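Structure first, then comments.
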Amino acid sequence: NRKPSANRGMSLEEDINISNEFYKEKGICLVTKRPTPINIVKVDYSKGAKIIDAYFEHQSTTDYNGVYKGKYIDFEAKNTKNKTSFPLANITKHQIEHLKNVLLHGGIAFFIIQFETLDKIYLLDSKYVIEQYEHGERKSIPLKVFDEKGYLLERGYYPRINYIDGIEKAYFNK
């Protein structure tokens, strides 16, 4: 395992992508980053193909989806510099609706939340986040809740973020 400061400069998304490559190579799971759907308006072909103008077709759903142990998994990765809580304003209504649909169809849905200044990354089940988003009294989820209901994810070299361990603890070791 690396020292916490060894990860500075790496983005959460990049760490998850590298972890996904590791998991794929080892035959552990298949998880991919969803591309953001764009509609290309204008392309300059004078020096290859360069997009000059484009717009987002519609709001994206979540960042990642795939399969682990025969179960569909879907998750959103978020980052915060806040030291005491995760602001729910970082989550959009369409992401909540998408994750509710994943749960409705028997999939596994969760958030990976990085508290950047604390150098802590948690897996938190989407059921809890959805409940707080729709009915919570606060506009954020306190760090204490992540310690009580979430799973602290281990950092390493390969995989960078061992989120499979969190999935095992949260969904398969009941």
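Here, A, B, ... name the chains of the structure tokens in the order displayed, residue numbers run from 1 inside each chain, and ligands are numbered from 1 in the same displayed order.
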Just the alpha helix (DSSP H) stuff from chain A, please, per backbone DSSP, written as a compact mmCIF listing (two decimals) with all heavy atoms, in the first residue's frame.
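And here's selection_37.txt as it stands now:
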# COMPACT_ATOMS: atom_id res chain seq x y z
N LEU A 12 -9.73 10.85 -9.05
CA LEU A 12 -10.52 9.70 -8.62
C LEU A 12 -10.92 8.86 -9.83
O LEU A 12 -10.78 7.64 -9.83
CB LEU A 12 -11.76 10.17 -7.86
CG LEU A 12 -12.76 9.10 -7.42
CD1 LEU A 12 -12.10 8.11 -6.47
CD2 LEU A 12 -13.98 9.74 -6.78
N GLU A 13 -11.37 9.53 -10.87
CA GLU A 13 -11.79 8.84 -12.09
C GLU A 13 -10.64 8.04 -12.70
O GLU A 13 -10.82 6.89 -13.09
CB GLU A 13 -12.33 9.86 -13.09
CG GLU A 13 -12.94 9.25 -14.31
CD GLU A 13 -13.53 10.31 -15.23
OE1 GLU A 13 -14.52 10.95 -14.83
OE2 GLU A 13 -12.98 10.50 -16.32
N GLU A 14 -9.48 8.63 -12.77
CA GLU A 14 -8.32 7.93 -13.33
C GLU A 14 -7.97 6.71 -12.48
O GLU A 14 -7.67 5.64 -13.02
CB GLU A 14 -7.12 8.88 -13.43
CG GLU A 14 -5.95 8.28 -14.16
CD GLU A 14 -4.79 9.25 -14.33
OE1 GLU A 14 -4.97 10.46 -14.10
OE2 GLU A 14 -3.70 8.78 -14.69
N ASP A 15 -8.03 6.86 -11.16
CA ASP A 15 -7.76 5.73 -10.27
C ASP A 15 -8.77 4.60 -10.48
O ASP A 15 -8.39 3.43 -10.48
CB ASP A 15 -7.76 6.18 -8.82
CG ASP A 15 -6.49 6.91 -8.41
OD1 ASP A 15 -5.51 6.89 -9.17
OD2 ASP A 15 -6.50 7.51 -7.32
N ILE A 16 -10.04 4.95 -10.64
CA ILE A 16 -11.07 3.93 -10.87
C ILE A 16 -10.84 3.27 -12.22
O ILE A 16 -10.93 2.04 -12.34
CB ILE A 16 -12.48 4.52 -10.76
CG1 ILE A 16 -12.76 4.93 -9.31
CG2 ILE A 16 -13.53 3.53 -11.25
CD1 ILE A 16 -14.05 5.71 -9.11
N ASN A 17 -10.52 4.05 -13.24
CA ASN A 17 -10.26 3.48 -14.57
C ASN A 17 -9.10 2.49 -14.55
O ASN A 17 -9.16 1.42 -15.16
CB ASN A 17 -10.00 4.59 -15.60
CG ASN A 17 -11.22 5.44 -15.85
OD1 ASN A 17 -12.34 5.06 -15.53
ND2 ASN A 17 -11.00 6.61 -16.42
N ILE A 18 -8.03 2.83 -13.84
CA ILE A 18 -6.87 1.93 -13.73
C ILE A 18 -7.26 0.68 -12.95
O ILE A 18 -6.87 -0.43 -13.31
CB ILE A 18 -5.67 2.67 -13.09
CG1 ILE A 18 -5.14 3.72 -14.07
CG2 ILE A 18 -4.57 1.70 -12.68
CD1 ILE A 18 -4.16 4.71 -13.48
N SER A 19 -8.07 0.85 -11.91
CA SER A 19 -8.56 -0.30 -11.14
C SER A 19 -9.41 -1.20 -12.02
O SER A 19 -9.30 -2.43 -11.97
CB SER A 19 -9.37 0.17 -9.92
OG SER A 19 -8.56 0.96 -9.07
N ASN A 20 -10.26 -0.58 -12.86
CA ASN A 20 -11.11 -1.37 -13.76
C ASN A 20 -10.27 -2.20 -14.73
O ASN A 20 -10.63 -3.34 -15.03
CB ASN A 20 -12.06 -0.46 -14.55
CG ASN A 20 -13.15 0.11 -13.68
OD1 ASN A 20 -13.42 -0.39 -12.58
ND2 ASN A 20 -13.79 1.16 -14.15
N GLU A 21 -9.18 -1.64 -15.23
CA GLU A 21 -8.28 -2.39 -16.12
C GLU A 21 -7.69 -3.59 -15.39
O GLU A 21 -7.61 -4.68 -15.94
CB GLU A 21 -7.16 -1.49 -16.65
CG GLU A 21 -7.53 -0.72 -17.87
CD GLU A 21 -8.00 -1.62 -19.02
OE1 GLU A 21 -7.27 -2.57 -19.39
OE2 GLU A 21 -9.10 -1.37 -19.53
N PHE A 22 -7.27 -3.38 -14.14
CA PHE A 22 -6.73 -4.46 -13.32
C PHE A 22 -7.77 -5.56 -13.15
O PHE A 22 -7.48 -6.75 -13.37
CB PHE A 22 -6.30 -3.92 -11.95
CG PHE A 22 -5.96 -5.00 -10.95
CD1 PHE A 22 -4.73 -5.63 -10.98
CD2 PHE A 22 -6.88 -5.38 -9.99
CE1 PHE A 22 -4.41 -6.63 -10.07
CE2 PHE A 22 -6.58 -6.38 -9.07
CZ PHE A 22 -5.34 -7.00 -9.11
N TYR A 23 -8.99 -5.18 -12.76
CA TYR A 23 -10.05 -6.16 -12.54
C TYR A 23 -10.38 -6.94 -13.82
O TYR A 23 -10.60 -8.14 -13.79
CB TYR A 23 -11.31 -5.49 -12.00
CG TYR A 23 -11.17 -4.93 -10.60
CD1 TYR A 23 -11.73 -3.70 -10.27
CD2 TYR A 23 -10.50 -5.63 -9.61
CE1 TYR A 23 -11.62 -3.19 -8.98
CE2 TYR A 23 -10.38 -5.12 -8.32
CZ TYR A 23 -10.94 -3.90 -8.01
OH TYR A 23 -10.84 -3.40 -6.74
N LYS A 24 -10.37 -6.24 -14.95
CA LYS A 24 -10.64 -6.89 -16.24
C LYS A 24 -9.53 -7.88 -16.59
O LYS A 24 -9.79 -9.03 -16.98
CB LYS A 24 -10.78 -5.83 -17.33
CG LYS A 24 -11.06 -6.39 -18.71
CD LYS A 24 -11.16 -5.27 -19.72
CE LYS A 24 -11.20 -5.78 -21.13
NZ LYS A 24 -11.14 -4.69 -22.10
N GLU A 25 -8.26 -7.44 -16.45
CA GLU A 25 -7.11 -8.31 -16.76
C GLU A 25 -7.09 -9.56 -15.90
O GLU A 25 -6.72 -10.63 -16.36
CB GLU A 25 -5.80 -7.54 -16.57
CG GLU A 25 -5.53 -6.52 -17.64
CD GLU A 25 -4.32 -5.63 -17.31
OE1 GLU A 25 -3.54 -5.97 -16.39
OE2 GLU A 25 -4.19 -4.59 -17.97
N LYS A 93 -30.71 15.06 -9.86
CA LYS A 93 -31.96 14.30 -9.77
C LYS A 93 -31.97 13.14 -10.77
O LYS A 93 -32.43 12.04 -10.44
CB LYS A 93 -33.15 15.23 -9.99
CG LYS A 93 -34.48 14.52 -9.92
CD LYS A 93 -35.47 15.29 -9.08
CE LYS A 93 -36.78 14.58 -8.91
NZ LYS A 93 -36.74 13.45 -7.99
N HIS A 94 -31.48 13.36 -11.99
CA HIS A 94 -31.50 12.28 -12.97
C HIS A 94 -30.59 11.12 -12.57
O HIS A 94 -30.86 9.97 -12.92
CB HIS A 94 -31.19 12.79 -14.39
CG HIS A 94 -29.77 13.18 -14.61
ND1 HIS A 94 -29.31 14.45 -14.34
CD2 HIS A 94 -28.72 12.49 -15.07
CE1 HIS A 94 -28.03 14.50 -14.62
NE2 HIS A 94 -27.64 13.32 -15.07
N GLN A 95 -29.52 11.39 -11.82
CA GLN A 95 -28.67 10.31 -11.32
C GLN A 95 -29.43 9.49 -10.27
O GLN A 95 -29.37 8.25 -10.28
CB GLN A 95 -27.38 10.86 -10.74
CG GLN A 95 -26.45 11.39 -11.81
CD GLN A 95 -25.27 12.13 -11.25
OE1 GLN A 95 -25.33 12.75 -10.18
NE2 GLN A 95 -24.15 12.09 -11.98
N ILE A 96 -30.15 10.17 -9.40
CA ILE A 96 -30.96 9.49 -8.38
C ILE A 96 -32.02 8.63 -9.07
O ILE A 96 -32.20 7.45 -8.70
CB ILE A 96 -31.62 10.52 -7.42
CG1 ILE A 96 -30.55 11.21 -6.56
CG2 ILE A 96 -32.69 9.87 -6.57
CD1 ILE A 96 -29.83 10.32 -5.56
N GLU A 97 -32.70 9.18 -10.06
CA GLU A 97 -33.74 8.42 -10.78
C GLU A 97 -33.15 7.19 -11.47
O GLU A 97 -33.73 6.11 -11.44
CB GLU A 97 -34.46 9.31 -11.79
CG GLU A 97 -35.32 10.40 -11.16
CD GLU A 97 -36.34 9.87 -10.17
OE1 GLU A 97 -37.01 8.85 -10.46
OE2 GLU A 97 -36.48 10.46 -9.08
N HIS A 98 -31.99 7.36 -12.07
CA HIS A 98 -31.33 6.23 -12.74
C HIS A 98 -30.99 5.13 -11.74
O HIS A 98 -31.27 3.95 -11.98
CB HIS A 98 -30.07 6.70 -13.47
CG HIS A 98 -29.27 5.58 -14.04
ND1 HIS A 98 -29.65 4.90 -15.17
CD2 HIS A 98 -28.14 4.97 -13.61
CE1 HIS A 98 -28.78 3.93 -15.42
NE2 HIS A 98 -27.85 3.96 -14.49
N LEU A 99 -30.41 5.50 -10.60
CA LEU A 99 -30.02 4.50 -9.61
C LEU A 99 -31.25 3.82 -9.00
O LEU A 99 -31.20 2.62 -8.69
CB LEU A 99 -29.14 5.14 -8.54
CG LEU A 99 -27.75 5.54 -9.06
CD1 LEU A 99 -27.01 6.40 -8.04
CD2 LEU A 99 -26.92 4.34 -9.45
N LYS A 100 -32.35 4.53 -8.85
CA LYS A 100 -33.60 3.93 -8.37
C LYS A 100 -34.06 2.85 -9.36
O LYS A 100 -34.51 1.78 -8.96
CB LYS A 100 -34.68 4.99 -8.18
CG LYS A 100 -34.49 5.81 -6.92
CD LYS A 100 -35.36 7.03 -6.86
CE LYS A 100 -36.82 6.78 -6.69
NZ LYS A 100 -37.59 8.03 -6.52
N ASN A 101 -33.92 3.12 -10.64
CA ASN A 101 -34.29 2.14 -11.67
C ASN A 101 -33.37 0.92 -11.63
O ASN A 101 -33.82 -0.21 -11.83
CB ASN A 101 -34.29 2.77 -13.06
CG ASN A 101 -35.58 3.49 -13.35
OD1 ASN A 101 -36.65 3.02 -12.99
ND2 ASN A 101 -35.47 4.64 -14.00
N VAL A 102 -32.09 1.14 -11.40
CA VAL A 102 -31.15 0.02 -11.29
C VAL A 102 -31.59 -0.89 -10.13
O VAL A 102 -31.66 -2.11 -10.28
CB VAL A 102 -29.70 0.51 -11.07
CG1 VAL A 102 -28.77 -0.64 -10.69
CG2 VAL A 102 -29.19 1.22 -12.32
N LEU A 103 -31.93 -0.29 -9.00
CA LEU A 103 -32.38 -1.06 -7.84
C LEU A 103 -33.69 -1.79 -8.13
O LEU A 103 -33.85 -2.95 -7.75
CB LEU A 103 -32.53 -0.16 -6.62
CG LEU A 103 -31.23 0.47 -6.09
CD1 LEU A 103 -31.54 1.49 -5.00
CD2 LEU A 103 -30.28 -0.60 -5.61
N LEU A 104 -34.60 -1.12 -8.81
CA LEU A 104 -35.89 -1.70 -9.16
C LEU A 104 -35.72 -3.00 -9.95
O LEU A 104 -36.49 -3.94 -9.80
CB LEU A 104 -36.72 -0.68 -9.95
CG LEU A 104 -38.08 -1.14 -10.44
CD1 LEU A 104 -39.05 -1.26 -9.26
CD2 LEU A 104 -38.64 -0.15 -11.46
N SER A 126 -26.39 3.11 -2.59
CA SER A 126 -27.24 4.16 -3.15
C SER A 126 -28.59 4.27 -2.42
O SER A 126 -29.18 5.34 -2.39
CB SER A 126 -27.47 3.94 -4.64
OG SER A 126 -28.22 2.77 -4.84
N LYS A 127 -29.07 3.17 -1.81
CA LYS A 127 -30.34 3.25 -1.09
C LYS A 127 -30.28 4.32 -0.02
O LYS A 127 -31.22 5.08 0.16
CB LYS A 127 -30.69 1.90 -0.46
CG LYS A 127 -31.07 0.84 -1.45
CD LYS A 127 -31.31 -0.49 -0.74
CE LYS A 127 -31.27 -1.61 -1.76
NZ LYS A 127 -30.98 -2.90 -1.16
N TYR A 128 -29.16 4.36 0.70
CA TYR A 128 -29.01 5.36 1.76
C TYR A 128 -28.91 6.77 1.18
O TYR A 128 -29.54 7.70 1.67
CB TYR A 128 -27.79 5.06 2.64
CG TYR A 128 -27.73 6.02 3.78
CD1 TYR A 128 -28.55 5.86 4.89
CD2 TYR A 128 -26.91 7.13 3.73
CE1 TYR A 128 -28.55 6.79 5.92
CE2 TYR A 128 -26.89 8.06 4.75
CZ TYR A 128 -27.72 7.88 5.84
OH TYR A 128 -27.73 8.81 6.85
N VAL A 129 -28.14 6.92 0.10
CA VAL A 129 -27.98 8.24 -0.52
C VAL A 129 -29.32 8.73 -1.08
O VAL A 129 -29.68 9.90 -0.89
CB VAL A 129 -26.90 8.21 -1.62
CG1 VAL A 129 -26.78 9.56 -2.30
CG2 VAL A 129 -25.55 7.77 -1.05
N ILE A 130 -30.07 7.84 -1.73
CA ILE A 130 -31.38 8.20 -2.28
C ILE A 130 -32.31 8.66 -1.16
O ILE A 130 -33.00 9.68 -1.29
CB ILE A 130 -31.99 7.01 -3.06
CG1 ILE A 130 -31.19 6.75 -4.33
CG2 ILE A 130 -33.47 7.26 -3.37
CD1 ILE A 130 -31.46 5.40 -4.99
N GLU A 131 -32.32 7.92 -0.06
CA GLU A 131 -33.17 8.29 1.09
C GLU A 131 -32.81 9.69 1.60
O GLU A 131 -33.68 10.51 1.85
CB GLU A 131 -32.99 7.24 2.21
CG GLU A 131 -33.72 7.55 3.48
CD GLU A 131 -35.24 7.52 3.37
OE1 GLU A 131 -35.76 6.81 2.49
OE2 GLU A 131 -35.90 8.22 4.15
N GLN A 132 -31.52 9.96 1.75
CA GLN A 132 -31.09 11.27 2.23
C GLN A 132 -31.41 12.37 1.22
O GLN A 132 -31.81 13.47 1.59
CB GLN A 132 -29.58 11.26 2.54
CG GLN A 132 -29.21 10.40 3.72
CD GLN A 132 -30.00 10.77 4.95
OE1 GLN A 132 -29.94 11.89 5.44
NE2 GLN A 132 -30.78 9.83 5.47
N TYR A 133 -31.23 12.07 -0.04
CA TYR A 133 -31.48 13.04 -1.12
C TYR A 133 -32.96 13.42 -1.15
O TYR A 133 -33.31 14.58 -1.29
CB TYR A 133 -31.06 12.43 -2.46
CG TYR A 133 -31.12 13.38 -3.63
CD1 TYR A 133 -30.01 14.15 -3.98
CD2 TYR A 133 -32.28 13.51 -4.39
CE1 TYR A 133 -30.05 15.02 -5.06
CE2 TYR A 133 -32.33 14.39 -5.47
CZ TYR A 133 -31.21 15.14 -5.80
OH TYR A 133 -31.28 16.00 -6.86
N GLU A 134 -33.83 12.43 -1.02
CA GLU A 134 -35.27 12.68 -1.16
C GLU A 134 -35.97 13.06 0.14
O GLU A 134 -36.94 13.81 0.11
CB GLU A 134 -35.95 11.45 -1.78
CG GLU A 134 -35.51 11.19 -3.19
CD GLU A 134 -36.21 10.02 -3.86
OE1 GLU A 134 -36.70 9.12 -3.14
OE2 GLU A 134 -36.26 10.02 -5.10
N HIS A 135 -35.50 12.55 1.27
CA HIS A 135 -36.24 12.76 2.52
C HIS A 135 -35.39 13.26 3.68
O HIS A 135 -35.91 13.42 4.78
CB HIS A 135 -36.93 11.46 2.95
CG HIS A 135 -37.77 10.86 1.87
ND1 HIS A 135 -38.93 11.44 1.41
CD2 HIS A 135 -37.59 9.73 1.14
CE1 HIS A 135 -39.45 10.69 0.45
NE2 HIS A 135 -38.65 9.66 0.25
N LEU A 143 -19.74 12.95 7.53
CA LEU A 143 -18.65 11.99 7.45
C LEU A 143 -18.91 10.81 8.39
O LEU A 143 -18.62 9.66 8.05
CB LEU A 143 -17.31 12.66 7.78
CG LEU A 143 -16.08 11.76 7.77
CD1 LEU A 143 -15.84 11.19 6.38
CD2 LEU A 143 -14.86 12.53 8.24
N LYS A 144 -19.48 11.09 9.54
CA LYS A 144 -19.80 10.06 10.54
C LYS A 144 -20.65 8.95 9.92
O LYS A 144 -20.48 7.77 10.22
CB LYS A 144 -20.53 10.72 11.71
CG LYS A 144 -21.04 9.80 12.77
CD LYS A 144 -21.72 10.58 13.88
CE LYS A 144 -23.18 10.70 13.54
NZ LYS A 144 -24.01 11.20 14.63
N VAL A 145 -21.57 9.31 9.03
CA VAL A 145 -22.44 8.34 8.36
C VAL A 145 -21.62 7.43 7.46
O VAL A 145 -21.86 6.22 7.39
CB VAL A 145 -23.56 9.06 7.57
CG1 VAL A 145 -24.32 8.09 6.68
CG2 VAL A 145 -24.49 9.77 8.52
N PHE A 146 -20.63 7.99 6.79
CA PHE A 146 -19.76 7.18 5.92
C PHE A 146 -18.99 6.16 6.77
O PHE A 146 -18.82 5.01 6.36
CB PHE A 146 -18.80 8.06 5.14
CG PHE A 146 -19.46 8.80 4.02
CD1 PHE A 146 -20.07 10.02 4.24
CD2 PHE A 146 -19.50 8.27 2.74
CE1 PHE A 146 -20.70 10.71 3.22
CE2 PHE A 146 -20.12 8.94 1.70
CZ PHE A 146 -20.72 10.17 1.95
N ASP A 147 -18.56 6.59 7.96
CA ASP A 147 -17.84 5.68 8.86
C ASP A 147 -18.76 4.58 9.38
O ASP A 147 -18.33 3.45 9.56
CB ASP A 147 -17.22 6.46 10.03
CG ASP A 147 -16.02 7.29 9.60
OD1 ASP A 147 -15.28 6.86 8.69
OD2 ASP A 147 -15.84 8.38 10.17
N GLU A 148 -20.03 4.90 9.61
CA GLU A 148 -20.99 3.94 10.18
C GLU A 148 -21.64 3.04 9.13
O GLU A 148 -21.81 1.85 9.34
CB GLU A 148 -22.08 4.68 10.95
CG GLU A 148 -21.59 5.38 12.19
CD GLU A 148 -22.62 6.32 12.80
OE1 GLU A 148 -23.74 6.46 12.26
OE2 GLU A 148 -22.29 6.93 13.84
N LYS A 149 -22.04 3.61 7.99
CA LYS A 149 -22.83 2.87 7.00
C LYS A 149 -22.06 2.55 5.72
O LYS A 149 -22.51 1.76 4.92
CB LYS A 149 -24.08 3.67 6.63
CG LYS A 149 -25.02 3.88 7.81
CD LYS A 149 -26.33 4.46 7.35
CE LYS A 149 -27.26 4.74 8.49
NZ LYS A 149 -27.81 3.56 9.10
N TYR A 163 -12.24 -1.22 -4.83
CA TYR A 163 -13.68 -1.11 -4.56
C TYR A 163 -14.38 -2.47 -4.59
O TYR A 163 -15.47 -2.60 -4.03
CB TYR A 163 -14.35 -0.10 -5.49
CG TYR A 163 -14.44 -0.47 -6.94
CD1 TYR A 163 -15.47 -1.29 -7.41
CD2 TYR A 163 -13.53 0.03 -7.86
CE1 TYR A 163 -15.57 -1.61 -8.75
CE2 TYR A 163 -13.63 -0.29 -9.20
CZ TYR A 163 -14.65 -1.11 -9.64
OH TYR A 163 -14.76 -1.43 -10.97
N ILE A 164 -13.76 -3.49 -5.18
CA ILE A 164 -14.36 -4.83 -5.17
C ILE A 164 -14.47 -5.33 -3.74
O ILE A 164 -15.45 -5.97 -3.36
CB ILE A 164 -13.56 -5.81 -6.07
CG1 ILE A 164 -13.78 -5.46 -7.54
CG2 ILE A 164 -13.95 -7.26 -5.79
CD1 ILE A 164 -15.21 -5.59 -8.05
N ASP A 165 -13.48 -5.03 -2.91
CA ASP A 165 -13.54 -5.41 -1.50
C ASP A 165 -14.77 -4.77 -0.83
O ASP A 165 -15.47 -5.42 -0.06
CB ASP A 165 -12.25 -4.98 -0.79
CG ASP A 165 -12.17 -5.50 0.63
OD1 ASP A 165 -12.38 -6.71 0.83
OD2 ASP A 165 -11.91 -4.68 1.53
N GLY A 166 -15.04 -3.50 -1.16
CA GLY A 166 -16.23 -2.82 -0.62
C GLY A 166 -17.52 -3.46 -1.10
O GLY A 166 -18.47 -3.62 -0.33
N ILE A 167 -17.55 -3.85 -2.38
CA ILE A 167 -18.74 -4.51 -2.94
C ILE A 167 -18.95 -5.86 -2.23
O ILE A 167 -20.07 -6.20 -1.86
CB ILE A 167 -18.60 -4.73 -4.46
CG1 ILE A 167 -18.65 -3.39 -5.19
CG2 ILE A 167 -19.70 -5.66 -4.98
CD1 ILE A 167 -18.35 -3.48 -6.69
Need to verify the contact set: Asn82 of chain A, 9 Å, only C-alpha atoms, exclusion of same-chain residues closer than 3 positions in sequence. Can you return it as a compact mmCIF listing (two decimals) with all heavy atoms, in the first residue's frame?
# COMPACT_ATOMS: atom_id res chain seq x y z
N SER A 85 -18.54 16.57 5.70
CA SER A 85 -19.74 15.99 5.09
C SER A 85 -19.64 16.02 3.57
O SER A 85 -18.79 16.71 3.01
CB SER A 85 -20.99 16.76 5.54
OG SER A 85 -20.95 18.09 5.05
N PHE A 86 -20.54 15.26 2.93
CA PHE A 86 -20.62 15.24 1.47
C PHE A 86 -21.88 15.99 1.06
O PHE A 86 -22.99 15.59 1.41
CB PHE A 86 -20.67 13.81 0.95
CG PHE A 86 -20.91 13.75 -0.53
CD1 PHE A 86 -19.90 14.07 -1.41
CD2 PHE A 86 -22.16 13.43 -1.04
CE1 PHE A 86 -20.12 14.05 -2.79
CE2 PHE A 86 -22.39 13.39 -2.40
CZ PHE A 86 -21.37 13.71 -3.28
N PRO A 87 -21.75 17.10 0.31
CA PRO A 87 -22.91 17.89 -0.11
C PRO A 87 -23.77 17.14 -1.13
O PRO A 87 -23.28 16.70 -2.16
CB PRO A 87 -22.31 19.14 -0.75
CG PRO A 87 -20.86 19.13 -0.39
CD PRO A 87 -20.49 17.71 -0.10
N PHE A 115 -13.23 11.86 -0.05
CA PHE A 115 -13.00 13.06 0.75
C PHE A 115 -11.54 13.43 0.51
O PHE A 115 -10.63 12.88 1.15
CB PHE A 115 -13.29 12.79 2.24
CG PHE A 115 -14.75 12.68 2.55
CD1 PHE A 115 -15.44 11.50 2.36
CD2 PHE A 115 -15.44 13.79 3.01
CE1 PHE A 115 -16.79 11.40 2.63
CE2 PHE A 115 -16.80 13.71 3.29
CZ PHE A 115 -17.48 12.52 3.11
N GLU A 116 -11.34 14.31 -0.45
CA GLU A 116 -9.99 14.59 -0.96
C GLU A 116 -9.03 15.08 0.11
O GLU A 116 -7.91 14.59 0.21
CB GLU A 116 -10.10 15.63 -2.09
CG GLU A 116 -8.85 15.78 -2.89
CD GLU A 116 -9.04 16.72 -4.06
OE1 GLU A 116 -10.05 16.58 -4.77
OE2 GLU A 116 -8.18 17.60 -4.25
N THR A 117 -9.46 16.04 0.93
CA THR A 117 -8.54 16.61 1.92
C THR A 117 -8.23 15.63 3.05
O THR A 117 -7.21 15.76 3.71
CB THR A 117 -9.10 17.92 2.50
OG1 THR A 117 -10.43 17.69 2.95
CG2 THR A 117 -9.11 19.04 1.48
N LEU A 118 -9.11 14.64 3.26
CA LEU A 118 -8.87 13.62 4.29
C LEU A 118 -8.18 12.40 3.71
O LEU A 118 -7.78 11.51 4.47
CB LEU A 118 -10.21 13.19 4.93
CG LEU A 118 -11.04 14.28 5.57
CD1 LEU A 118 -12.37 13.72 6.04
CD2 LEU A 118 -10.28 14.94 6.72
Among segment 65-113 of chain A, which ones does DSSP assign to strand (DSSP E or B) (computed from the backbone)? Answer as a compact mmCIF listing (two decimals) with N, CA, C and O atoms, in the first residue's frame.
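What ended up in states.txt:
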# COMPACT_ATOMS: atom_id res chain seq x y z
N ASN A 65 -20.66 1.38 -15.12
CA ASN A 65 -21.55 0.23 -15.02
C ASN A 65 -20.80 -1.01 -15.50
O ASN A 65 -19.79 -0.91 -16.19
N GLY A 66 -21.32 -2.17 -15.08
CA GLY A 66 -20.68 -3.41 -15.47
C GLY A 66 -21.29 -4.61 -14.79
O GLY A 66 -22.42 -4.55 -14.30
N VAL A 67 -20.50 -5.69 -14.72
CA VAL A 67 -20.96 -6.95 -14.15
C VAL A 67 -19.91 -7.49 -13.20
O VAL A 67 -18.72 -7.49 -13.50
N TYR A 68 -20.38 -7.95 -12.04
CA TYR A 68 -19.51 -8.60 -11.05
C TYR A 68 -20.28 -9.78 -10.46
O TYR A 68 -21.39 -9.62 -9.97
N LYS A 71 -23.88 -10.17 -11.31
CA LYS A 71 -24.80 -9.10 -10.93
C LYS A 71 -24.42 -7.80 -11.66
O LYS A 71 -23.25 -7.46 -11.77
N TYR A 72 -25.44 -7.10 -12.13
CA TYR A 72 -25.23 -5.79 -12.75
C TYR A 72 -24.87 -4.79 -11.65
O TYR A 72 -25.53 -4.73 -10.61
N ILE A 73 -23.81 -4.02 -11.88
CA ILE A 73 -23.44 -2.97 -10.94
C ILE A 73 -23.40 -1.63 -11.66
O ILE A 73 -23.08 -1.56 -12.85
N ASP A 74 -23.76 -0.60 -10.94
CA ASP A 74 -23.84 0.75 -11.50
C ASP A 74 -23.45 1.71 -10.39
O ASP A 74 -23.96 1.61 -9.27
N PHE A 75 -22.54 2.62 -10.69
CA PHE A 75 -22.16 3.55 -9.63
C PHE A 75 -21.69 4.90 -10.17
O PHE A 75 -21.32 5.05 -11.32
N GLU A 76 -21.76 5.85 -9.28
CA GLU A 76 -21.34 7.22 -9.53
C GLU A 76 -20.14 7.51 -8.63
O GLU A 76 -20.14 7.13 -7.45
N ALA A 77 -19.13 8.15 -9.17
CA ALA A 77 -17.95 8.54 -8.39
C ALA A 77 -17.98 10.06 -8.18
O ALA A 77 -18.18 10.82 -9.12
N LYS A 78 -17.82 10.46 -6.94
CA LYS A 78 -17.85 11.88 -6.59
C LYS A 78 -16.67 12.21 -5.70
O LYS A 78 -16.17 11.37 -4.95
N ASN A 79 -16.28 13.46 -5.75
CA ASN A 79 -15.15 13.97 -5.00
C ASN A 79 -15.59 15.20 -4.23
O ASN A 79 -16.38 15.98 -4.74
N THR A 80 -15.11 15.35 -3.00
CA THR A 80 -15.38 16.58 -2.26
C THR A 80 -14.13 17.01 -1.50
O THR A 80 -13.35 16.17 -1.07
N SER A 85 -18.54 16.57 5.70
CA SER A 85 -19.74 15.99 5.09
C SER A 85 -19.64 16.02 3.57
O SER A 85 -18.79 16.71 3.01
N PHE A 86 -20.54 15.26 2.93
CA PHE A 86 -20.62 15.24 1.47
C PHE A 86 -21.88 15.99 1.06
O PHE A 86 -22.99 15.59 1.41
N PRO A 87 -21.75 17.10 0.31
CA PRO A 87 -22.91 17.89 -0.11
C PRO A 87 -23.77 17.14 -1.13
O PRO A 87 -23.28 16.70 -2.16
N ILE A 108 -27.07 -3.77 -8.44
CA ILE A 108 -26.33 -3.21 -7.30
C ILE A 108 -25.95 -1.78 -7.68
O ILE A 108 -25.35 -1.55 -8.73
N ALA A 109 -26.32 -0.83 -6.82
CA ALA A 109 -26.05 0.58 -7.11
C ALA A 109 -25.42 1.24 -5.89
O ALA A 109 -25.89 1.06 -4.77
N PHE A 110 -24.38 2.01 -6.13
CA PHE A 110 -23.69 2.66 -5.02
C PHE A 110 -22.95 3.90 -5.50
O PHE A 110 -22.90 4.20 -6.69
N PHE A 111 -22.39 4.62 -4.54
CA PHE A 111 -21.55 5.77 -4.79
C PHE A 111 -20.16 5.47 -4.28
O PHE A 111 -20.00 4.81 -3.25
N ILE A 112 -19.16 5.94 -5.00
CA ILE A 112 -17.80 5.98 -4.47
C ILE A 112 -17.51 7.45 -4.24
O ILE A 112 -17.54 8.25 -5.18
N ILE A 113 -17.28 7.79 -2.98
CA ILE A 113 -17.10 9.20 -2.59
C ILE A 113 -15.71 9.36 -2.00
O ILE A 113 -15.34 8.68 -1.06
- atom CA of Thr61 of chain A to atom CA of Arg160 of chain A, distance in Å rounded to a single decimal: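 Separation between atom CA of Thr61 of chain A and atom CA of Arg160 of chain A: 24.1 Å.
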- Item | Residue contacts of Val43 of chain A (8 Å, only C-alpha atoms) excluding same-chain residues fewer than 4 positions away, as a list in words | Ala49, Lys50, Ile51, Ile52 and Asp53 of chain A
Can those selected residues be exported to a file as a PDB file, in the first residue's frame so that it contains C-alpha atoms?
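Result file is result-v9.pdb:
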ATOM      1  CA  ALA A  49     -11.056  15.565 -37.899  1.00  0.00           C
ATOM      2  CA  LYS A  50     -11.396  18.209 -35.179  1.00  0.00           C
ATOM      3  CA  ILE A  51     -14.743  18.862 -33.470  1.00  0.00           C
ATOM      4  CA  ILE A  52     -15.432  22.592 -33.619  1.00  0.00           C
ATOM      5  CA  ASP A  53     -18.927  22.689 -32.118  1.00  0.00           C
TER       6      ASP A  53
END
- Taking only C-alpha atoms into account, which of A:Thr84, A:Ser46, A:Thr32, A:Thr62 comes nearest Pro142 of chain A?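 Of the candidates, the smallest distance to Pro142 of chain A is held by A:Thr84.
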